[in-house]
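Asker: Quick one, structure.pdb (PDB, C-alpha atoms):
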```
MODEL        1
ATOM      1  CA  MET A   1     -14.795  13.664 -11.437
ATOM      2  CA  GLN A   2     -15.506  10.014 -10.777
ATOM      3  CA  ASN A   3     -15.533   7.710  -7.798
ATOM      4  CA  THR A   4     -13.840   4.357  -7.749
ATOM      5  CA  SER A   5     -16.247   1.459  -7.267
ATOM      6  CA  ALA A   6     -16.236  -1.624  -5.081
ATOM      7  CA  ALA A   7     -17.292  -3.889  -7.908
ATOM      8  CA  GLY A   8     -15.074  -6.794  -7.009
ATOM      9  CA  GLN A   9     -11.745  -8.485  -7.331
ATOM     10  CA  GLY A  10      -9.613  -7.929 -10.409
ATOM     11  CA  LYS A  11      -9.462 -10.685 -12.999
ATOM     12  CA  GLY A  12      -6.294 -11.989 -14.549
ATOM     13  CA  PRO A  13      -3.037 -13.319 -13.071
ATOM     14  CA  ALA A  14      -3.074 -11.026 -10.024
ATOM     15  CA  GLY A  15      -6.472 -12.343  -8.952
ATOM     16  CA  VAL A  16      -5.026 -15.791  -8.235
ATOM     17  CA  GLY A  17      -3.609 -14.369  -4.980
ATOM     18  CA  GLY A  18      -7.067 -14.291  -3.398
ATOM     19  CA  GLU A  19      -9.148 -11.407  -2.155
ATOM     20  CA  PHE A  20      -9.786  -9.300   0.914
ATOM     21  CA  VAL A  21     -12.649  -7.009   1.877
ATOM     22  CA  ILE A  22     -11.585  -3.632   3.275
ATOM     23  CA  GLY A  23     -14.078  -2.038   5.616
ATOM     24  CA  ASN A  24     -16.788  -4.577   4.793
ATOM     25  CA  ASP A  25     -17.463  -3.055   1.359
ATOM     26  CA  LEU A  26     -14.281  -2.784  -0.740
ATOM     27  CA  ARG A  27     -13.455  -6.155  -2.283
ATOM     28  CA  ILE A  28      -9.909  -6.194  -3.638
ATOM     29  CA  GLY A  29      -7.369  -8.664  -4.938
ATOM     30  CA  ARG A  30      -4.733  -9.269  -2.263
ATOM     31  CA  LEU A  31      -1.799  -8.529  -4.565
ATOM     32  CA  GLY A  32      -1.784  -4.787  -5.211
ATOM     33  CA  PHE A  33       0.578  -2.226  -6.697
ATOM     34  CA  GLY A  34       2.612   0.326  -4.770
ATOM     35  CA  ALA A  35       3.057   3.497  -6.824
ATOM     36  CA  MET A  36       5.993   5.097  -4.983
ATOM     37  CA  ARG A  37       8.595   4.047  -7.556
ATOM     38  CA  ILE A  38       6.933   5.725 -10.544
ATOM     39  CA  THR A  39       8.516   9.017  -9.476
ATOM     40  CA  GLY A  40      12.065  10.376  -9.770
ATOM     41  CA  LYS A  41      15.182   9.541  -7.782
ATOM     42  CA  GLY A  42      14.726  10.087  -4.057
ATOM     43  CA  ILE A  43      10.943   9.783  -4.623
ATOM     44  CA  TRP A  44      11.239  13.313  -5.987
ATOM     45  CA  GLY A  45      10.062  14.871  -9.219
ATOM     46  CA  GLU A  46       9.271  13.266 -12.531
ATOM     47  CA  PRO A  47      10.299   9.688 -13.330
ATOM     48  CA  ALA A  48      13.154   9.156 -15.774
ATOM     49  CA  ASP A  49      10.619   7.748 -18.263
ATOM     50  CA  ARG A  50       7.093   9.035 -17.716
ATOM     51  CA  ALA A  51       5.718   7.051 -20.649
ATOM     52  CA  GLU A  52       7.031   3.831 -19.084
ATOM     53  CA  ALA A  53       5.519   4.815 -15.720
ATOM     54  CA  ILE A  54       2.133   5.196 -17.403
ATOM     55  CA  ARG A  55       2.576   1.834 -19.126
ATOM     56  CA  VAL A  56       3.370   0.222 -15.759
ATOM     57  CA  VAL A  57       0.194   1.542 -14.136
ATOM     58  CA  ARG A  58      -1.970   0.504 -17.073
ATOM     59  CA  ARG A  59      -0.341  -2.919 -17.246
ATOM     60  CA  ALA A  60      -0.997  -3.444 -13.538
ATOM     61  CA  VAL A  61      -4.732  -3.112 -14.147
ATOM     62  CA  GLU A  62      -4.550  -5.312 -17.255
ATOM     63  CA  LEU A  63      -2.961  -8.024 -15.094
ATOM     64  CA  GLY A  64      -5.912  -7.936 -12.694
ATOM     65  CA  ILE A  65      -4.590  -5.632  -9.973
ATOM     66  CA  ASN A  66      -7.442  -3.567  -8.554
ATOM     67  CA  PHE A  67      -5.716  -2.043  -5.522
ATOM     68  CA  ILE A  68      -3.212   0.778  -6.069
ATOM     69  CA  ASP A  69      -1.434   2.454  -3.157
ATOM     70  CA  THR A  70       0.020   5.946  -3.487
ATOM     71  CA  ALA A  71       0.528   9.158  -1.468
ATOM     72  CA  ASP A  72       0.580  12.904  -2.027
ATOM     73  CA  SER A  73       4.225  12.877  -0.878
ATOM     74  CA  TYR A  74       5.372  10.604  -3.704
ATOM     75  CA  GLY A  75       6.923  13.143  -6.024
ATOM     76  CA  PRO A  76       5.342  15.054  -4.307
ATOM     77  CA  ASN A  77       2.080  14.860  -6.283
ATOM     78  CA  VAL A  78       3.690  13.118  -9.274
ATOM     79  CA  SER A  79       2.522   9.576  -8.484
ATOM     80  CA  GLU A  80      -1.109  10.619  -8.089
ATOM     81  CA  GLU A  81      -0.980  12.656 -11.305
ATOM     82  CA  ILE A  82       0.446   9.731 -13.283
ATOM     83  CA  ILE A  83      -2.199   7.347 -11.936
ATOM     84  CA  ALA A  84      -4.981   9.693 -13.047
ATOM     85  CA  GLU A  85      -3.371  10.273 -16.444
ATOM     86  CA  ALA A  86      -2.965   6.542 -16.978
ATOM     87  CA  LEU A  87      -6.323   5.274 -15.747
ATOM     88  CA  HIS A  88      -9.011   7.977 -15.544
ATOM     89  CA  PRO A  89     -11.892   7.389 -16.094
ATOM     90  CA  TYR A  90     -11.260   4.529 -13.698
ATOM     91  CA  PRO A  91     -12.466   0.990 -14.399
ATOM     92  CA  ALA A  92     -15.148  -0.413 -12.136
ATOM     93  CA  GLY A  93     -13.739  -2.157  -9.088
ATOM     94  CA  LEU A  94     -10.461  -0.225  -8.924
ATOM     95  CA  VAL A  95      -9.578   0.981  -5.421
ATOM     96  CA  ILE A  96      -7.015   3.756  -5.121
ATOM     97  CA  ALA A  97      -5.599   4.291  -1.649
ATOM     98  CA  THR A  98      -3.586   7.397  -0.895
ATOM     99  CA  LYS A  99      -1.940   8.972   2.128
ATOM    100  CA  GLY A 100      -1.279  12.356   3.722
ATOM    101  CA  GLY A 101       0.852  13.571   6.608
ATOM    102  CA  PHE A 102       4.276  14.337   5.148
ATOM    103  CA  GLU A 103       5.863  17.459   3.731
ATOM    104  CA  ARG A 104       8.663  17.038   1.168
ATOM    105  CA  PRO A 105      11.340  19.756   1.259
ATOM    106  CA  GLY A 106      13.621  17.793  -1.083
ATOM    107  CA  PRO A 107      14.719  14.373  -2.419
ATOM    108  CA  ASN A 108      14.706  11.662   0.256
ATOM    109  CA  GLN A 109      13.476  14.208   2.835
ATOM    110  CA  TRP A 110      10.298  13.446   4.776
ATOM    111  CA  VAL A 111       8.922  15.821   7.407
ATOM    112  CA  GLU A 112       5.871  14.807   9.436
ATOM    113  CA  ASN A 113       2.991  17.263   9.453
ATOM    114  CA  GLY A 114      -0.166  16.031  11.140
ATOM    115  CA  GLY A 115      -1.696  19.464  11.566
ATOM    116  CA  PRO A 116      -5.429  19.298  10.816
ATOM    117  CA  ALA A 117      -5.205  22.134   8.291
ATOM    118  CA  HIS A 118      -2.382  20.361   6.467
ATOM    119  CA  LEU A 119      -4.239  17.040   6.389
ATOM    120  CA  LYS A 120      -7.406  18.659   5.060
ATOM    121  CA  ALA A 121      -5.457  20.497   2.354
ATOM    122  CA  ALA A 122      -3.556  17.293   1.510
ATOM    123  CA  CYS A 123      -6.784  15.354   1.072
ATOM    124  CA  GLU A 124      -8.286  18.081  -1.116
ATOM    125  CA  GLY A 125      -5.147  18.038  -3.257
ATOM    126  CA  SER A 126      -5.291  14.265  -3.646
ATOM    127  CA  LEU A 127      -8.947  14.422  -4.656
ATOM    128  CA  ARG A 128      -8.103  17.006  -7.287
ATOM    129  CA  ARG A 129      -5.060  15.187  -8.705
ATOM    130  CA  LEU A 130      -6.747  11.779  -8.722
ATOM    131  CA  ARG A 131      -9.928  13.337 -10.199
ATOM    132  CA  LEU A 132     -12.113  11.762  -7.548
ATOM    133  CA  ASP A 133     -15.092  12.928  -5.528
ATOM    134  CA  ARG A 134     -14.200  10.504  -2.744
ATOM    135  CA  ILE A 135     -11.070   8.546  -1.830
ATOM    136  CA  ASP A 136     -11.902   4.957  -0.939
ATOM    137  CA  LEU A 137      -9.013   4.532   1.523
ATOM    138  CA  TYR A 138      -7.159   7.508   3.003
ATOM    139  CA  GLN A 139      -4.245   6.682   5.261
ATOM    140  CA  LEU A 140      -2.446   8.825   7.822
ATOM    141  CA  HIS A 141       1.124   8.472   6.564
ATOM    142  CA  ARG A 142       2.546   8.918  10.067
ATOM    143  CA  ILE A 143       1.137   9.905  13.442
ATOM    144  CA  ASP A 144       2.935  13.200  13.998
ATOM    145  CA  PRO A 145       4.293  13.241  17.586
ATOM    146  CA  LYS A 146       4.081  17.055  17.597
ATOM    147  CA  VAL A 147       0.289  17.042  17.185
ATOM    148  CA  PRO A 148      -2.285  15.307  19.432
ATOM    149  CA  ALA A 149      -3.433  12.108  17.730
ATOM    150  CA  GLU A 150      -7.016  13.130  18.467
ATOM    151  CA  ASP A 151      -6.544  16.231  16.287
ATOM    152  CA  GLN A 152      -5.009  14.309  13.398
ATOM    153  CA  LEU A 153      -7.598  11.552  13.387
ATOM    154  CA  GLY A 154     -10.324  14.074  14.108
ATOM    155  CA  ALA A 155      -9.427  15.863  10.872
ATOM    156  CA  LEU A 156      -9.766  12.613   8.928
ATOM    157  CA  LYS A 157     -13.021  11.825  10.703
ATOM    158  CA  HIS A 158     -14.353  15.218   9.620
ATOM    159  CA  LEU A 159     -13.328  14.560   6.014
ATOM    160  CA  GLN A 160     -15.064  11.197   6.237
ATOM    161  CA  ALA A 161     -18.236  12.842   7.520
ATOM    162  CA  GLN A 162     -18.080  15.237   4.563
ATOM    163  CA  GLY A 163     -17.993  12.277   2.195
ATOM    164  CA  LYS A 164     -14.502  13.048   0.898
ATOM    165  CA  ILE A 165     -13.004   9.783   2.131
ATOM    166  CA  ARG A 166     -14.696   6.430   2.631
ATOM    167  CA  HIS A 167     -12.325   4.567   4.960
ATOM    168  CA  ILE A 168      -9.357   5.501   7.166
ATOM    169  CA  GLY A 169      -6.060   3.669   7.597
ATOM    170  CA  LEU A 170      -2.786   4.149   9.486
ATOM    171  CA  SER A 171       0.885   3.717   8.630
ATOM    172  CA  GLU A 172       3.895   2.765  10.762
ATOM    173  CA  VAL A 173       2.021   2.316  14.033
ATOM    174  CA  SER A 174       2.158   0.110  17.103
ATOM    175  CA  VAL A 175      -0.680  -1.999  18.470
ATOM    176  CA  ARG A 176      -1.222   0.594  21.176
ATOM    177  CA  GLN A 177      -1.514   3.380  18.614
ATOM    178  CA  ILE A 178      -4.035   1.384  16.604
ATOM    179  CA  GLN A 179      -6.130   0.769  19.694
ATOM    180  CA  HIS A 180      -6.036   4.449  20.597
ATOM    181  CA  ALA A 181      -7.045   5.419  17.065
ATOM    182  CA  GLN A 182      -9.916   2.927  17.090
ATOM    183  CA  GLY A 183     -11.355   4.830  20.016
ATOM    184  CA  ILE A 184     -11.626   7.872  17.760
ATOM    185  CA  VAL A 185     -12.542   6.518  14.340
ATOM    186  CA  PRO A 186     -12.886   3.076  12.671
ATOM    187  CA  ILE A 187      -9.553   1.845  11.274
ATOM    188  CA  VAL A 188      -9.665  -0.556   8.315
ATOM    189  CA  SER A 189      -6.004  -0.853   7.304
ATOM    190  CA  VAL A 190      -2.474  -0.623   8.671
ATOM    191  CA  GLN A 191       0.573  -0.085   6.496
ATOM    192  CA  ASN A 192       3.805  -1.066   8.265
ATOM    193  CA  ARG A 193       7.211  -2.146   7.012
ATOM    194  CA  TYR A 194       7.191  -5.926   6.918
ATOM    195  CA  SER A 195       8.771  -8.681   4.857
ATOM    196  CA  LEU A 196      10.286 -12.129   5.165
ATOM    197  CA  ALA A 197      13.508 -10.407   6.233
ATOM    198  CA  ASP A 198      11.928  -7.746   8.466
ATOM    199  CA  ARG A 199       9.280  -8.992  10.873
ATOM    200  CA  GLY A 200       9.455  -6.308  13.530
ATOM    201  CA  SER A 201       5.704  -5.700  13.124
ATOM    202  CA  GLU A 202       4.718  -9.288  13.892
ATOM    203  CA  ASP A 203       2.593  -8.196  16.865
ATOM    204  CA  VAL A 204       0.819  -5.602  14.706
ATOM    205  CA  LEU A 205       0.088  -8.224  12.055
ATOM    206  CA  GLU A 206      -1.364 -10.570  14.689
ATOM    207  CA  TYR A 207      -3.565  -7.776  16.036
ATOM    208  CA  CYS A 208      -4.769  -6.970  12.507
ATOM    209  CA  GLU A 209      -5.659 -10.628  11.986
ATOM    210  CA  LYS A 210      -7.819 -10.646  15.106
ATOM    211  CA  GLN A 211      -9.507  -7.391  14.114
ATOM    212  CA  ARG A 212      -9.806  -8.242  10.388
ATOM    213  CA  ILE A 213      -7.840  -5.115   9.560
ATOM    214  CA  GLY A 214      -6.003  -5.142   6.240
ATOM    215  CA  PHE A 215      -2.219  -5.273   6.768
ATOM    216  CA  ILE A 216      -0.349  -3.611   3.892
ATOM    217  CA  PRO A 217       3.381  -4.372   4.095
ATOM    218  CA  TRP A 218       5.578  -1.724   2.566
ATOM    219  CA  PHE A 219       9.071  -2.648   1.381
ATOM    220  CA  PRO A 220       7.717  -6.213   0.919
ATOM    221  CA  LEU A 221      10.696  -7.396  -1.128
ATOM    222  CA  ALA A 222      13.405  -6.568   1.416
ATOM    223  CA  ALA A 223      14.913 -10.026   1.051
ATOM    224  CA  GLY A 224      18.440  -8.589   1.258
ATOM    225  CA  GLN A 225      21.041 -11.137   2.258
ATOM    226  CA  LEU A 226      18.387 -13.861   2.397
ATOM    227  CA  SER A 227      18.078 -13.922  -1.392
ATOM    228  CA  GLY A 228      21.563 -15.153  -2.330
ATOM    229  CA  GLY A 229      21.959 -18.379  -4.260
ATOM    230  CA  ASP A 230      23.038 -20.307  -1.147
ATOM    231  CA  SER A 231      20.292 -18.874   1.047
ATOM    232  CA  ALA A 232      16.991 -20.469   1.977
ATOM    233  CA  VAL A 233      15.124 -18.048  -0.293
ATOM    234  CA  GLY A 234      17.526 -18.704  -3.162
ATOM    235  CA  SER A 235      17.246 -22.467  -2.646
ATOM    236  CA  VAL A 236      13.428 -22.399  -2.604
ATOM    237  CA  ALA A 237      13.400 -20.137  -5.664
ATOM    238  CA  ALA A 238      15.562 -22.608  -7.557
ATOM    239  CA  GLN A 239      13.315 -25.521  -6.561
ATOM    240  CA  LEU A 240      10.196 -23.668  -7.720
ATOM    241  CA  ASN A 241      11.799 -22.235 -10.865
ATOM    242  CA  ALA A 242      11.029 -18.769  -9.498
ATOM    243  CA  THR A 243      12.960 -15.658  -8.503
ATOM    244  CA  PRO A 244      13.794 -14.780  -4.872
ATOM    245  CA  SER A 245      11.438 -11.795  -5.124
ATOM    246  CA  GLN A 246       8.592 -14.044  -6.206
ATOM    247  CA  VAL A 247       9.268 -16.354  -3.267
ATOM    248  CA  ALA A 248       9.276 -13.389  -0.870
ATOM    249  CA  LEU A 249       5.899 -12.219  -2.222
ATOM    250  CA  ALA A 250       4.407 -15.714  -2.180
ATOM    251  CA  TRP A 251       5.559 -16.086   1.427
ATOM    252  CA  LEU A 252       3.697 -12.910   2.361
ATOM    253  CA  LEU A 253       0.501 -14.047   0.637
ATOM    254  CA  ALA A 254       0.697 -17.389   2.459
ATOM    255  CA  ARG A 255       1.672 -15.858   5.812
ATOM    256  CA  SER A 256      -1.715 -14.313   6.616
ATOM    257  CA  PRO A 257      -5.065 -13.795   4.873
ATOM    258  CA  VAL A 258      -5.082 -10.120   5.919
ATOM    259  CA  ILE A 259      -1.730  -9.329   4.269
ATOM    260  CA  LEU A 260      -2.071  -7.201   1.128
ATOM    261  CA  PRO A 261       1.358  -6.932  -0.527
ATOM    262  CA  ILE A 262       1.935  -3.891  -2.750
ATOM    263  CA  PRO A 263       5.250  -4.442  -4.554
ATOM    264  CA  GLY A 264       6.220  -1.410  -6.572
ATOM    265  CA  THR A 265       8.365  -0.940  -9.657
ATOM    266  CA  SER A 266       8.964   1.447 -12.537
ATOM    267  CA  SER A 267       9.375  -1.415 -15.040
ATOM    268  CA  VAL A 268       6.688  -3.400 -16.855
ATOM    269  CA  GLN A 269       8.984  -6.428 -16.872
ATOM    270  CA  HIS A 270       9.440  -6.358 -13.094
ATOM    271  CA  LEU A 271       5.716  -5.763 -12.607
ATOM    272  CA  GLU A 272       4.868  -8.884 -14.603
ATOM    273  CA  GLU A 273       7.455 -10.861 -12.624
ATOM    274  CA  ASN A 274       5.922  -9.704  -9.342
ATOM    275  CA  VAL A 275       2.382 -10.538 -10.413
ATOM    276  CA  ALA A 276       3.447 -14.061 -11.349
ATOM    277  CA  ALA A 277       4.143 -14.636  -7.642
ATOM    278  CA  ALA A 278       0.380 -14.753  -7.012
ATOM    279  CA  ASP A 279       0.318 -18.226  -8.561
ATOM    280  CA  LEU A 280       3.325 -19.534  -6.620
ATOM    281  CA  LYS A 281       2.369 -22.041  -3.935
ATOM    282  CA  ILE A 282       4.559 -22.546  -0.866
ATOM    283  CA  GLY A 283       3.934 -25.530   1.394
ATOM    284  CA  LYS A 284       3.817 -25.402   5.182
ATOM    285  CA  ASP A 285       7.222 -27.016   5.599
ATOM    286  CA  THR A 286       8.793 -24.522   3.229
ATOM    287  CA  MET A 287       7.043 -21.655   5.029
ATOM    288  CA  ARG A 288       8.618 -22.791   8.303
ATOM    289  CA  GLU A 289      12.000 -23.210   6.627
ATOM    290  CA  LEU A 290      11.910 -19.671   5.229
ATOM    291  CA  ALA A 291      10.685 -18.153   8.486
ATOM    292  CA  GLY A 292      13.415 -19.941  10.416
ATOM    293  CA  ALA A 293      16.114 -18.771   8.026
ATOM    294  CA  ALA A 294      14.930 -15.181   8.400
TER     295      ALA A 294
ENDMDL
END
```
As structure tokens, please, write out the structure in this file.
Answerer:
Amino acid sequence: MQNTSAAGQGKGPAGVGGEFVIGNDLRIGRLGFGAMRITGKGIWGEPADRAEAIRVVRRAVELGINFIDTADSYGPNVSEEIIAEALHPYPAGLVIATKGGFERPGPNQWVENGGPAHLKAACEGSLRRLRLDRIDLYQLHRIDPKVPAEDQLGALKHLQAQGKIRHIGLSEVSVRQIQHAQGIVPIVSVQNRYSLADRGSEDVLEYCEKQRIGFIPWFPLAAGQLSGGDSAVGSVAAQLNATPSQVALAWLLARSPVILPIPGTSSVQHLEENVAAADLKIGKDTMRELAGAA
């Protein structure tokens, strides 16, 4: 098995989006790839076209992406297996982040399980599927309200002490939960739902900025009704000869230096379209216009 390396930011079109250092030692390009959509319908089972899913993952790296986000629950297991099949042995500088804390009884079904035994088994499974000796960034997919947070984070801290994970992150948390977690173990990333159209985690983003914690927005392209031709996003897209999705991604990259967007797709064409957003520049006036419209 092989470890990923912190050899630096990816080259190519994705690298234009700038870089961020996770945990003081993992230098990544700010535009990453979210690997949830390379599974089947309902984030369950095999993708409709496994060969295309493998092409997508490989193309992401060719385009300069060196940060891939996945989870054991995507499939379950399928996303991690495809990543390893597509990329192992991993190129220097590639950081693969994964998550644990959900059970998957069926399509579109997500059941929190923060039991320490489950988290330890989940991490071991991810190591095996990804063919790694150590996971660079392991994120608690949810803080399970049925289990003391100290027990959940304590399990990850133990795995960290064993050398099985390098850094620890959280997902879908409040500022208070982050602060509580920081009293138990260092936290280097937070993955909350956030987009131009959904800014309910604004306070969490501001806290992450102050703490220099990486903020990974999931569902980053939730432009929804804002992306119509008569909308602010549609108008800006037309002016810039871009798509509404590209504008939404460019807005995120410009919004904060700690934001690490991870748009996901099962199509090489959509992947290339998303990566092109790294080179899209949005001025301050346009940023205010888009934020006001949202």
Asker: Let me make sure I understand: among A:Ser189, A:Asn108, A:Ser174, A:Gln162, which one has the smallest atom-to-atom distance to A:Asp133 if we use only C-alpha atoms?
Answerer: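 Distance minimum relative to A:Asp133 lands on A:Gln162.
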Asker: Find, counting only C-alpha atoms, the residue in A:Ala149, A:Val268, A:Ile143, A:Val204 that gets nearest to A:Glu62.
Answerer: A:Val268
Asker: Leaving out A:Arg55 and any residue of its chain fewer than 2 positions from it, which residues lie within 10 Å of it when counting all atoms listed in the file, given as a list in words?
Answerer: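 The filter keeps Arg50, Ala51, Glu52, Ala53, Val57, Arg58, Arg59, Ala60, Ala86, Ser266, Ser267 and Val268 of chain A.
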Asker: Atom CA of A:Ala291 and atom CA of A:Leu196 are how many Å apart?
Answerer: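 So the answer is 6.9 Å.
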Asker: Which residues would end up in the selection if the PyMOL selection byres ((chain A and resi 33) around 9) were applied here, given that I need the answer as a PyMOL selection string?
Answerer: chain A and resi 31-32+34-35+57+60+65-70+261-265+271
Asker: From the list A:Lys120, A:Lys146, A:Arg166, A:Lys41, which residue is nearest A:Gly106 when using all atoms listed in the file?
Answerer: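 Comparing A:Lys120, A:Lys146, A:Arg166, A:Lys41 against A:Gly106, the winner is A:Lys41.
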Asker: Would you work out the distance separating atom CA of A:Val56 from atom CA of A:Gln139, expressed in Å to one decimal?
Answerer: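 Computing the Euclidean distance for atom CA of A:Val56 and atom CA of A:Gln139 yields 23.3 Å.
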Asker: Quick one: pull the distance between atom CA of A:Ala197 and atom CA of A:Lys281, Å, one decimal.
Answerer: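 Separation of atom CA of A:Ala197 and atom CA of A:Lys281: 19.0 Å.
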Asker: Could the residues of stretch 180-213 of chain A that have an atom at most 10 Å from stretch 242-256 of chain A be listed as a tab-separated table, each with its closest atom pair and the distance in Å to one decimal, counting all atoms listed in the file and ordered by chain and ascending residue number?
Answerer:
```
residue	atom	partner	partner_atom	distance
A:Tyr194	CA	A:Leu252	CA	9.0
A:Ser195	CA	A:Leu252	CA	7.1
A:Leu196	CA	A:Ala248	CA	6.2
A:Ala197	CA	A:Ala248	CA	8.8
A:Leu205	CA	A:Ser256	CA	8.4
A:Glu206	CA	A:Ser256	CA	8.9
A:Cys208	CA	A:Ser256	CA	9.9
A:Glu209	CA	A:Ser256	CA	7.6
```
Asker: Name the closest residue to A:Ala92 among the candidates A:Met287, A:Val61, A:Val275, A:Ala117; distances are taken between atoms, counting all atoms listed in the file.
Answerer: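 Nearest to A:Ala92: A:Val61.
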Asker: So what does the PyMOL selection byres ((chain A and resi 18) around 10) actually pick up in this one, as a ChimeraX atom specification?
Answerer: /A:9-10,14-17,19-20,28-31,253,257,260,278-279
Asker: So which one's closest to A:Ile82, A:Ser235, A:Thr39, A:Ser171, A:Asn113? Using only C-alpha atoms, please.
Answerer: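 Residue with the minimum atom-to-atom distance to A:Ile82: A:Thr39.
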Asker: Could you check the closest approach to A:Val175 for each of A:Gly115, A:Glu202, A:Leu156, A:Glu85 and tell me which residue wins, using only C-alpha atoms?
Answerer: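 Between A:Gly115, A:Glu202, A:Leu156, A:Glu85, the residue approaching A:Val175 most closely is A:Glu202.
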Asker: Hey, what comes out of the PyMOL selection byres ((chain A and resi 163) around 12) on this file? Could you write it as number ranges by chain?
Answerer: A: 3, 123-124, 127, 132-138, 156-162, 164-167
